[in-house]
Every structure is written in structure tokens, then in C-alpha cells.
>>> print(open('query29.txt').read())   # compact mmCIF, C-alpha atoms and all ligand atoms
# COMPACT_ATOMS: atom_id res chain seq x y z
CA MET A 1419 111.19 -11.24 -47.10
CA VAL A 1420 108.88 -8.59 -48.59
CA ALA A 1421 105.50 -10.18 -49.25
CA TRP A 1422 104.47 -10.81 -52.85
CA ASP A 1423 102.39 -7.97 -54.26
CA SER A 1424 100.08 -9.17 -57.02
CA VAL A 1425 99.34 -5.63 -58.24
CA GLN A 1426 103.06 -4.87 -58.67
CA TYR A 1427 103.62 -8.28 -60.30
CA LEU A 1428 100.74 -7.84 -62.74
CA ARG A 1429 101.94 -4.43 -63.93
CA PHE A 1430 103.78 -6.47 -66.56
CA GLU A 1431 101.18 -9.20 -66.92
CA ARG A 1432 101.41 -9.52 -70.69
CA GLU A 1433 105.21 -9.82 -70.67
CA ARG A 1434 105.30 -12.13 -67.65
CA THR A 1435 102.62 -14.44 -69.08
CA GLN A 1436 104.20 -14.79 -72.53
CA ALA A 1437 106.45 -17.65 -71.37
CA SER A 1438 103.39 -19.59 -70.12
CA HIS A 1439 101.79 -19.25 -73.57
CA ASP A 1440 105.00 -20.45 -75.23
CA LEU A 1441 105.44 -23.37 -72.84
CA VAL A 1442 101.80 -24.50 -72.94
CA ARG A 1443 101.77 -24.38 -76.75
CA ARG A 1444 104.60 -26.93 -76.89
CA ILE A 1445 103.18 -29.47 -74.43
CA ALA A 1446 102.26 -32.51 -76.53
CA LEU A 1447 99.37 -33.81 -74.40
CA ALA A 1448 95.97 -33.96 -76.07
CA ALA A 1449 93.68 -34.00 -73.06
CA PRO A 1450 95.25 -34.18 -69.60
CA ARG A 1451 92.51 -34.91 -67.04
CA THR A 1452 94.40 -33.46 -64.09
CA ILE A 1453 96.75 -30.48 -64.05
CA VAL A 1454 98.60 -28.77 -61.23
CA ASP A 1455 100.13 -25.29 -61.53
CA LEU A 1456 102.93 -25.01 -58.95
CA GLY A 1457 103.64 -21.41 -57.89
CA CYS A 1458 100.51 -20.15 -59.66
CA GLY A 1459 100.94 -16.58 -58.37
CA PRO A 1460 97.94 -14.36 -59.19
CA GLY A 1461 96.53 -17.01 -61.53
CA ASN A 1462 97.88 -15.71 -64.85
CA SER A 1463 99.67 -18.96 -65.75
CA THR A 1464 96.67 -21.01 -64.55
CA ARG A 1465 94.43 -19.09 -66.94
CA VAL A 1466 96.63 -20.12 -69.89
CA LEU A 1467 96.33 -23.78 -68.84
CA ARG A 1468 92.54 -23.47 -68.48
CA GLU A 1469 92.21 -21.92 -71.92
CA ARG A 1470 94.06 -24.80 -73.60
CA TRP A 1471 92.42 -27.63 -71.60
CA PRO A 1472 89.04 -26.35 -70.35
CA ALA A 1473 87.82 -29.84 -69.41
CA ALA A 1474 90.75 -30.66 -67.11
CA ARG A 1475 90.56 -30.59 -63.32
CA VAL A 1476 93.04 -27.89 -62.30
CA LEU A 1477 94.70 -27.45 -58.94
CA ALA A 1478 96.87 -24.37 -58.40
CA VAL A 1479 99.31 -24.14 -55.50
CA ASP A 1480 101.12 -21.10 -54.10
CA SER A 1481 102.63 -20.22 -50.73
CA SER A 1482 101.52 -16.56 -50.86
CA ALA A 1483 98.10 -15.80 -49.37
CA GLU A 1484 98.11 -12.42 -51.13
CA MET A 1485 98.75 -13.95 -54.57
CA LEU A 1486 96.09 -16.61 -53.96
CA GLU A 1487 93.51 -14.02 -52.95
CA THR A 1488 93.94 -12.31 -56.33
CA ALA A 1489 93.96 -15.68 -58.12
CA ARG A 1490 90.71 -16.81 -56.44
CA SER A 1491 88.93 -13.68 -57.63
CA THR A 1492 89.76 -14.56 -61.26
CA ASP A 1493 88.40 -18.10 -61.57
CA THR A 1494 86.12 -20.20 -59.43
CA GLY A 1495 86.66 -23.29 -61.57
CA VAL A 1496 90.14 -23.92 -60.14
CA ASP A 1497 91.06 -25.50 -56.80
CA TRP A 1498 93.37 -22.87 -55.30
CA GLU A 1499 95.53 -24.21 -52.49
CA GLN A 1500 98.03 -22.56 -50.18
CA GLY A 1501 101.11 -24.75 -49.88
CA ASP A 1502 104.84 -25.11 -50.32
CA ILE A 1503 106.04 -26.58 -53.62
CA ALA A 1504 108.90 -28.30 -51.75
CA SER A 1505 106.57 -30.47 -49.70
CA TRP A 1506 103.44 -30.55 -51.91
CA THR A 1507 102.34 -34.10 -52.68
CA PRO A 1508 99.25 -35.05 -54.70
CA ALA A 1509 96.83 -37.73 -53.52
CA ALA A 1510 97.23 -39.46 -56.92
CA PRO A 1511 99.62 -39.06 -59.88
CA VAL A 1512 98.90 -36.00 -62.05
CA ASP A 1513 98.69 -35.88 -65.87
CA LEU A 1514 100.44 -32.50 -66.16
CA VAL A 1515 102.64 -30.91 -63.51
CA PHE A 1516 103.29 -27.35 -64.66
CA SER A 1517 105.28 -24.48 -63.20
CA ASN A 1518 106.05 -21.08 -64.72
CA ALA A 1519 108.58 -18.71 -63.15
CA ALA A 1520 108.36 -20.22 -59.67
CA LEU A 1521 110.86 -23.08 -59.18
CA GLN A 1522 113.81 -20.64 -59.25
CA TRP A 1523 112.77 -19.53 -55.77
CA LEU A 1524 113.43 -22.99 -54.36
CA PRO A 1525 116.89 -24.50 -53.70
CA HIS A 1526 118.32 -27.97 -54.50
CA HIS A 1527 116.87 -28.41 -57.98
CA ASP A 1528 118.36 -31.89 -58.29
CA HIS A 1529 116.13 -33.05 -55.45
CA LEU A 1530 113.22 -30.68 -56.22
CA VAL A 1531 112.87 -31.60 -59.90
CA ARG A 1532 113.10 -35.33 -59.15
CA ASN A 1533 110.38 -34.83 -56.56
CA VAL A 1534 107.92 -32.94 -58.80
CA TRP A 1535 108.64 -35.40 -61.63
CA SER A 1536 107.69 -38.27 -59.31
CA HIS A 1537 104.15 -36.83 -59.17
CA VAL A 1538 103.63 -37.22 -62.95
CA GLY A 1539 101.50 -40.21 -63.92
CA SER A 1540 102.09 -42.60 -66.81
CA GLY A 1541 101.56 -40.84 -70.17
CA GLY A 1542 101.79 -37.45 -68.46
CA ALA A 1543 104.31 -34.60 -68.47
CA LEU A 1544 106.28 -32.20 -66.33
CA ALA A 1545 106.64 -28.75 -67.91
CA PHE A 1546 108.44 -25.82 -66.33
CA GLN A 1547 110.12 -22.53 -67.11
CA VAL A 1548 112.68 -20.71 -64.98
CA PRO A 1549 114.70 -17.51 -65.56
CA ALA A 1550 118.19 -18.52 -66.69
CA PRO A 1551 121.51 -16.90 -65.86
CA GLY A 1552 122.86 -14.88 -68.78
CA LEU A 1553 124.23 -11.55 -69.83
CA GLN A 1554 121.14 -9.75 -68.59
CA ARG A 1555 121.59 -11.25 -65.12
CA GLU A 1556 125.28 -10.24 -65.06
CA ARG A 1557 124.47 -6.67 -66.08
CA TRP A 1558 121.72 -6.40 -63.56
CA ALA A 1559 123.93 -7.87 -60.81
CA GLY A 1560 126.66 -5.36 -61.78
CA ALA A 1561 124.22 -2.45 -61.41
CA LEU A 1562 123.11 -3.78 -58.05
CA ARG A 1563 126.73 -4.15 -56.88
CA ALA A 1564 127.43 -0.57 -57.96
CA VAL A 1565 124.53 0.71 -55.85
CA LEU A 1566 125.55 -1.40 -52.88
CA GLY A 1567 129.01 0.19 -53.13
CA ARG A 1568 127.55 3.69 -52.80
CA PRO A 1569 127.74 5.42 -49.41
CA GLY A 1570 124.79 4.50 -47.20
CA TRP A 1571 124.04 1.09 -48.67
CA GLU A 1572 127.23 -0.83 -47.85
CA GLY A 1573 125.85 -3.15 -45.19
CA ILE A 1574 122.42 -3.70 -46.71
CA ALA A 1575 123.20 -6.87 -48.61
CA SER A 1576 125.80 -8.36 -46.30
CA GLY A 1577 125.33 -12.11 -46.16
CA TYR A 1578 122.80 -11.96 -48.99
CA ARG A 1579 123.53 -14.01 -52.09
CA PRO A 1580 121.04 -13.96 -54.94
CA PRO A 1581 119.71 -17.50 -55.29
CA GLU A 1582 121.54 -19.49 -57.97
CA ASN A 1583 119.16 -22.41 -57.96
CA VAL A 1584 118.62 -22.91 -61.68
CA LEU A 1585 120.55 -25.76 -63.32
CA SER A 1586 121.98 -25.88 -66.83
CA SER A 1587 119.82 -27.51 -69.51
CA GLU A 1588 122.26 -30.42 -69.38
CA GLY A 1589 121.66 -30.69 -65.65
CA TYR A 1590 117.88 -30.96 -66.12
CA TYR A 1591 118.32 -33.40 -69.00
CA ASP A 1592 120.55 -35.68 -66.94
CA LEU A 1593 118.03 -35.66 -64.08
CA LEU A 1594 115.00 -36.46 -66.18
CA SER A 1595 116.17 -38.50 -69.17
CA PRO A 1596 116.79 -41.81 -67.35
CA THR A 1597 113.06 -42.15 -66.61
CA ALA A 1598 111.47 -39.94 -69.29
CA GLY A 1599 110.39 -41.15 -72.72
CA ARG A 1600 111.39 -37.79 -74.19
CA VAL A 1601 112.76 -34.49 -72.87
CA ASP A 1602 112.40 -31.21 -74.77
CA LEU A 1603 114.57 -28.30 -73.66
CA TRP A 1604 115.15 -24.80 -74.98
CA ASP A 1605 116.16 -21.34 -73.86
CA THR A 1606 114.51 -18.18 -75.16
CA GLU A 1607 115.73 -14.65 -74.68
CA TYR A 1608 112.78 -12.29 -74.59
CA LEU A 1609 113.41 -8.65 -75.37
CA HIS A 1610 110.72 -6.87 -73.44
CA VAL A 1611 109.96 -3.43 -74.80
CA LEU A 1612 109.45 -1.26 -71.73
CA PRO A 1613 108.47 2.42 -71.62
CA GLY A 1614 111.79 3.45 -70.02
CA VAL A 1615 114.34 2.57 -67.38
CA THR A 1616 111.87 3.37 -64.56
CA ALA A 1617 109.87 0.41 -65.82
CA VAL A 1618 112.93 -1.85 -65.46
CA VAL A 1619 113.09 -0.83 -61.79
CA GLU A 1620 109.36 -1.49 -61.44
CA TRP A 1621 109.83 -4.92 -63.01
CA VAL A 1622 112.58 -6.07 -60.65
CA LYS A 1623 110.79 -4.48 -57.66
CA GLY A 1624 108.05 -7.07 -58.15
CA THR A 1625 110.44 -10.06 -58.20
CA ALA A 1626 114.24 -10.24 -57.87
CA LEU A 1627 114.64 -7.12 -55.73
CA ARG A 1628 112.18 -8.21 -53.06
CA PRO A 1629 114.80 -9.83 -50.77
CA ILE A 1630 116.95 -6.65 -50.83
CA LEU A 1631 114.04 -4.28 -50.28
CA ALA A 1632 113.05 -6.38 -47.28
CA ARG A 1633 116.33 -5.31 -45.64
CA LEU A 1634 115.59 -1.59 -45.98
CA PRO A 1635 113.92 -0.22 -42.89
CA GLY A 1636 111.65 2.52 -44.19
CA ASP A 1637 109.78 3.73 -47.26
CA GLY A 1638 112.19 6.70 -47.61
CA ASP A 1639 115.22 4.36 -47.69
CA ARG A 1640 113.52 2.19 -50.28
CA ARG A 1641 112.72 5.17 -52.48
CA ARG A 1642 116.33 6.43 -52.29
CA PHE A 1643 117.68 2.95 -53.00
CA LEU A 1644 115.41 2.54 -56.02
CA SER A 1645 116.40 5.96 -57.33
CA ASP A 1646 120.13 5.03 -57.03
CA LEU A 1647 119.41 1.76 -58.81
CA GLU A 1648 117.61 3.57 -61.59
CA GLU A 1649 120.69 5.77 -62.13
CA GLU A 1650 122.88 2.66 -62.51
CA LEU A 1651 120.39 0.87 -64.76
CA ALA A 1652 120.15 3.97 -66.98
CA LEU A 1653 123.82 3.36 -67.88
CA ILE A 1654 122.91 -0.13 -69.17
CA TYR A 1655 119.45 0.19 -70.71
CA LEU A 1656 119.87 3.01 -73.18
CA PRO A 1657 116.69 4.50 -74.64
CA ARG A 1658 115.88 3.72 -78.25
CA PRO A 1659 114.97 6.69 -80.49
CA ASP A 1660 111.32 6.36 -79.35
CA GLY A 1661 112.38 6.59 -75.68
CA ARG A 1662 111.65 2.92 -74.90
CA VAL A 1663 114.23 0.44 -73.60
CA LEU A 1664 114.76 -3.21 -74.51
CA PHE A 1665 114.94 -5.36 -71.39
CA PRO A 1666 116.48 -8.77 -72.23
CA PHE A 1667 115.31 -11.74 -70.21
CA LEU A 1668 116.63 -15.27 -70.73
CA ARG A 1669 114.26 -18.08 -69.79
CA ARG A 1670 114.89 -21.85 -69.65
CA PHE A 1671 112.15 -24.31 -70.65
CA VAL A 1672 111.91 -28.03 -69.91
CA ILE A 1673 109.22 -30.57 -70.81
CA ALA A 1674 109.64 -34.21 -69.83
CA TYR A 1675 107.17 -36.91 -70.88
CA ARG A 1676 106.60 -40.05 -68.82
CA PRO A 1677 106.20 -43.18 -70.98
C1 LIG A 1701 107.13 -15.03 -60.25
S1 LIG A 1701 105.64 -15.66 -59.56
C2 LIG A 1701 105.02 -16.68 -60.89
C3 LIG A 1701 103.53 -16.60 -61.01
C4 LIG A 1701 102.92 -17.28 -62.23
N1 LIG A 1701 103.15 -18.72 -62.22
C5 LIG A 1701 103.41 -16.72 -63.55
O1 LIG A 1701 103.59 -17.49 -64.48
O2 LIG A 1701 103.59 -15.49 -63.70
C6 LIG A 1701 106.32 -16.85 -58.45
C7 LIG A 1701 105.31 -17.41 -57.49
O3 LIG A 1701 105.94 -18.52 -56.82
C8 LIG A 1701 105.45 -18.55 -55.52
N2 LIG A 1701 106.39 -19.32 -54.69
C9 LIG A 1701 107.68 -19.03 -54.41
N3 LIG A 1701 108.21 -19.98 -53.61
C10 LIG A 1701 107.21 -20.89 -53.39
C11 LIG A 1701 107.12 -22.10 -52.65
N4 LIG A 1701 108.18 -22.58 -51.98
N5 LIG A 1701 105.95 -22.77 -52.64
C12 LIG A 1701 104.86 -22.30 -53.31
N6 LIG A 1701 104.90 -21.16 -54.03
C13 LIG A 1701 106.05 -20.46 -54.07
C14 LIG A 1701 105.35 -17.09 -55.09
O4 LIG A 1701 104.47 -16.92 -54.02
C15 LIG A 1701 104.87 -16.45 -56.40
O5 LIG A 1701 103.47 -16.32 -56.43
>>> encode(input="query29.txt", output="C-alpha cells", more="lines below")
Ligand SMILES: C[S@@+](CC[C@H](N)C(=O)[O-])C[C@H]1O[C@@H](n2cnc3c(N)ncnc32)[C@H](O)[C@@H]1O
Amino acid sequence: MVAWDSVQYLRFERERTQASHDLVRRIALAAPRTIVDLGCGPGNSTRVLRERWPAARVLAVDSSAEMLETARSTDTGVDWEQGDIASWTPAAPVDLVFSNAALQWLPHHDHLVRNVWSHVGSGGALAFQVPAPGLQRERWAGALRAVLGRPGWEGIASGYRPPENVLSSEGYYDLLSPTAGRVDLWDTEYLHVLPGVTAVVEWVKGTALRPILARLPGDGDRRRFLSDLEEELALIYLPRPDGRVLFPFLRRFVIAYRP
């Protein structure tokens, strides 16, 4: 797998952090004393949590040393910890377990979500956001398939299946509602205004495309692959009169409150 690159990821910091703002705004906890940010990345989601609850003790967990290095340089008031969300266990129950745009990288959400929910203390909450399958995903997968069908790239993705880890809202509700006092769920489709189709390629380069790029041996191959992908994406994301493109992105939000 290509390592996470915080610089590439943060090229779209404002757009990528919007969902954290929207999720944090809707969490109905007045003053959580302890918060954990699972899959904190370069610390952008953690910053949103710190701004809303400056008095809370915040722990932020990520498996990427590179992401954590960037995160550490942004805030010394957070406990940054390298670890795997799948096995992370707190010493004591946490008031708010939060995760933005990270759980989709882990499989078996039925087990995973039950596990992270089990770390929430009485009166606390679990709040997470994950990219959801939708039209945008289908279009993007179609463009990728078209590139992989071009001469030279046929074998690149053999055996690779994009992770389909995210459950339906009903799936999350059924997991959490038996032990939650209340569950709030919603999907939002963001329409990111990007400077052009090259920016769409740059966006996916920092996230969804990483597993494919990891299979390309050299920089030249990667550049050619990305250029082919841009040609396919240009057929989907047509420029508006000002030259910009609208990049739709569906995101699924869940907040569960423990009585
Ligand atoms: C898309 S970034 C999200 C960063 C940030 N939370 C945000 O809101 O933009 C996903 C992060 O999840 C982390 N991640 C992926 N799988 C993980 C795992 N199993 N354990 C811990 N972190 C993981 C990656 O290292 C990456 O930093």
C-alpha cells in the first residue's frame, strides 16, 4: 500500500474537513471530559474537536507515522498515539468516540462498530462519518474500469477489489439501536467545487487511488496511469462555464448516544 501523504491529503483540507464541522456541530454533548479521534490523519478533524470542547482531554489515534508527524506539529495539547483502530482499547470508557473519514478503511463494520461503541461511557456518544456508495462512486469506478481496460494496464488491478466496508444507514441503526438511547443518522452529498478535472485526480490520488498506485512499479507508469484516468474523468466531470468542475461526494453520518 502506498503510504499516506499528509501534504497530498491536505491539498483539499477545507473540503475534507467540512464533514467534521458538520458532524461535530450535531453532537449533543455539552462538555465531554474525554474524547478520542480514531483515524485522526494529519490532525484536521482533531482540531475541530478541540475548538468545540477546549477543556476536554483529547487522544488521537492513527496507524500512519507520516500522518501523525504532521498532526503532532499542529497541536501539543493532544495525546497523539500510533495504533490500529481495530485493536485500540481505552483504559477507561470515553465520553466521545469520534471518527471522520477513517472507518471505511477497515473491514467487518458489524464487529468494528460494536467494538468502538463498547468504548463509549454512560452518557457519552459515538459519532462517525464514512464515504457512502452512490452515483459518484459508480461513475468513478466506471472511469477506473475504463482505464484498466486500456492496453498496458490490464493486469494492474487483478485480484484488487475496492473495499466495500460501509454499511447502509439501516445496518448501522440495527447495530446500535438496541443499546443506544438515541441514534441520529443522515447522508449528505457534498458538491465540491474544484478548479478542474486535474484536481479530481489529485483528490483521489490522496485517498481511494492509493491501493492501485501501489501496484504501479515506477513514477513514469504512475504518471501515465494518472493521465489516462484524467482523460476518462474528463468525460464525466464537465467544466462549468467558469472552467471549474463539481465533484459530488456522498457521506454517511451516524451519532449514537449511550443512556
Ligand atoms: C482519510 S484520512 C482521515 C483523516 C481525518 N480524520 C479527516 O477527517 O480528514 C484516514 C486516516 O485513517 C487512518 N487509518 C486507516 N486505517 C487505519 C487503522 N486501521 N487504524 C488507524 N488508523 C487508520 C489513515 O492512516 C488516515 O490517516
>>> residues_near_ligand(input="query29.txt", ligand="ligand LIG 1701 (chain A)", cutoff="9 Å", atoms="only C-alpha atoms and all ligand atoms", output="VMD selection string")
chain A and resid 1421 to 1424 1427 to 1428 1431 1434 to 1438 1455 to 1464 1479 to 1486 1500 to 1506 1516 to 1524 1547 1624 to 1626
>>> residues_around(input="query29.txt", residues="stretch 1649-1664 of chain A", least_positions_apart="6", cutoff="7 Å", atoms="all atoms listed in the file", output="ChimeraX atom specification")
/A:1561,1609-1615
>>> closest_residue(input="query29.txt", among="A:Val1476, A:Leu1441, A:Leu1585, A:Leu1594", to="A:Asn1533", atoms="all atoms listed in the file")
A:Leu1594
>>> axis_aligned_box(input="query29.txt", around="stretch 1598-1605 of chain A", padding_each_side="6 Å", output="JSON")
{"center_x": 113.3, "center_y": -31.2, "center_z": -72.1, "size_x": 17.8, "size_y": 31.8, "size_z": 17.7}
>>> closest_residue(input="query29.txt", among="A:Gly1636, A:Gly1539, A:Pro1569, A:Gly1495", to="A:Pro1508", atoms="all atoms listed in the file")
A:Gly1539
>>> closest_residue(input="query29.txt", among="A:Arg1628, A:Arg1563, A:Arg1557, A:Arg1532", to="A:Asp1592", atoms="all atoms listed in the file")
A:Arg1532
>>> atom_distance(input="query29.txt", atom1="atom CA of A:Arg1676", atom2="atom CA of A:Val1538")
7.2 Å
>>> residues_around(input="query29.txt", residues="A:Asp1646", least_positions_apart="5", cutoff="9 Å", atoms="only C-alpha atoms", output="JSON, numbers by chain")
{"A": [1565, 1568, 1641, 1651]}
>>> write_last_selection(input="query29.txt", atoms="C-alpha atoms", output="mmCIF file, in the coordinates of the input")
data_model
loop_
_atom_site.group_PDB
_atom_site.id
_atom_site.type_symbol
_atom_site.label_atom_id
_atom_site.label_comp_id
_atom_site.auth_asym_id
_atom_site.auth_seq_id
_atom_site.Cartn_x
_atom_site.Cartn_y
_atom_site.Cartn_z
ATOM 1 C CA VAL A 1565 124.530 0.710 -55.850
ATOM 2 C CA ARG A 1568 127.550 3.690 -52.800
ATOM 3 C CA ARG A 1641 112.720 5.170 -52.480
ATOM 4 C CA LEU A 1651 120.390 0.870 -64.760
#
>>> closest_residue(input="query29.txt", among="A:Ser1576, A:Gln1554, A:Thr1488, A:Asn1583", to="A:Tyr1608", atoms="only C-alpha atoms")
A:Gln1554
>>> residues_near_point(input="query29.txt", point="(102.3, -36.1, -68.8)", cutoff="8 Å", atoms="all atoms listed in the file", output="MDAnalysis selection string")
chainID A and resid 1447 1450 1512:1515 1538:1544 1674:1676
>>> atom_distance(input="query29.txt", atom1="atom CA of A:Gly1552", atom2="atom CA of A:Arg1600")
26.2 Å
>>> residues_around(input="query29.txt", residues="A:Asp1602", least_positions_apart="4", cutoff="10 Å", atoms="only C-alpha atoms", output="VMD selection string")
chain A and resid 1444 to 1445 1545 1587 1591 1595 1671 to 1675
>>> write_last_selection(input="query29.txt", atoms="C-alpha atoms", output="short mmCIF file (atom, residue, chain, number, x, y, z; two decimals), in the frame of the given file")
data_model
loop_
_atom_site.label_atom_id
_atom_site.label_comp_id
_atom_site.auth_asym_id
_atom_site.auth_seq_id
_atom_site.Cartn_x
_atom_site.Cartn_y
_atom_site.Cartn_z
CA ARG A 1444 104.60 -26.93 -76.89
CA ILE A 1445 103.18 -29.47 -74.43
CA ALA A 1545 106.64 -28.75 -67.91
CA SER A 1587 119.82 -27.51 -69.51
CA TYR A 1591 118.32 -33.40 -69.00
CA SER A 1595 116.17 -38.50 -69.17
CA PHE A 1671 112.15 -24.31 -70.65
CA VAL A 1672 111.91 -28.03 -69.91
CA ILE A 1673 109.22 -30.57 -70.81
CA ALA A 1674 109.64 -34.21 -69.83
CA TYR A 1675 107.17 -36.91 -70.88
#
>>> closest_residue(input="query29.txt", among="A:Ala1446, A:Ala1473, A:Thr1597, A:Ile1574", to="A:Ser1536", atoms="all atoms listed in the file")
A:Thr1597
>>> closest_residue(input="query29.txt", among="A:Val1454, A:Leu1634, A:Pro1596, A:Leu1668", to="A:Ala1575", atoms="only C-alpha atoms")
A:Leu1634
>>> residues_near_point(input="query29.txt", point="(118.1, -8.5, -52.4)", cutoff="12 Å", atoms="only C-alpha atoms", output="PyMOL selection string")
chain A and resi 1419-1420+1558-1559+1562-1563+1565-1566+1571+1573-1581+1622-1634+1640+1643-1644
>>> build_atoms(input="query29.txt", residues="stretch 1631-1643 of chain A", atoms="N, CA and C atoms", output="short mmCIF file (atom, residue, chain, number, x, y, z; two decimals), keeping the file's coordinate frame")
data_model
loop_
_atom_site.label_atom_id
_atom_site.label_comp_id
_atom_site.auth_asym_id
_atom_site.auth_seq_id
_atom_site.Cartn_x
_atom_site.Cartn_y
_atom_site.Cartn_z
N LEU A 1631 114.93 -5.31 -50.82
CA LEU A 1631 114.04 -4.28 -50.28
C LEU A 1631 113.58 -4.64 -48.87
N ALA A 1632 113.49 -5.93 -48.61
CA ALA A 1632 113.05 -6.38 -47.28
C ALA A 1632 114.05 -5.97 -46.21
N ARG A 1633 115.30 -5.68 -46.62
CA ARG A 1633 116.33 -5.31 -45.64
C ARG A 1633 116.38 -3.80 -45.40
N LEU A 1634 115.58 -3.04 -46.15
CA LEU A 1634 115.59 -1.59 -45.98
C LEU A 1634 114.49 -1.19 -45.02
N PRO A 1635 114.85 -0.44 -43.98
CA PRO A 1635 113.92 -0.22 -42.89
C PRO A 1635 112.68 0.60 -43.23
N GLY A 1636 112.83 1.67 -44.02
CA GLY A 1636 111.65 2.52 -44.19
C GLY A 1636 111.36 2.81 -45.65
N ASP A 1637 110.18 3.40 -45.89
CA ASP A 1637 109.78 3.73 -47.26
C ASP A 1637 110.76 4.71 -47.91
N GLY A 1638 111.25 5.70 -47.09
CA GLY A 1638 112.19 6.70 -47.61
C GLY A 1638 113.46 6.03 -48.09
N ASP A 1639 114.00 5.09 -47.30
CA ASP A 1639 115.22 4.36 -47.69
C ASP A 1639 114.97 3.61 -48.99
N ARG A 1640 113.81 2.98 -49.06
CA ARG A 1640 113.52 2.19 -50.28
C ARG A 1640 113.46 3.09 -51.50
N ARG A 1641 112.82 4.24 -51.32
CA ARG A 1641 112.72 5.17 -52.48
C ARG A 1641 114.10 5.62 -52.93
N ARG A 1642 114.97 5.97 -51.95
CA ARG A 1642 116.33 6.43 -52.29
C ARG A 1642 117.13 5.31 -52.97
N PHE A 1643 116.97 4.10 -52.42
CA PHE A 1643 117.68 2.95 -53.00
C PHE A 1643 117.25 2.73 -54.45
#
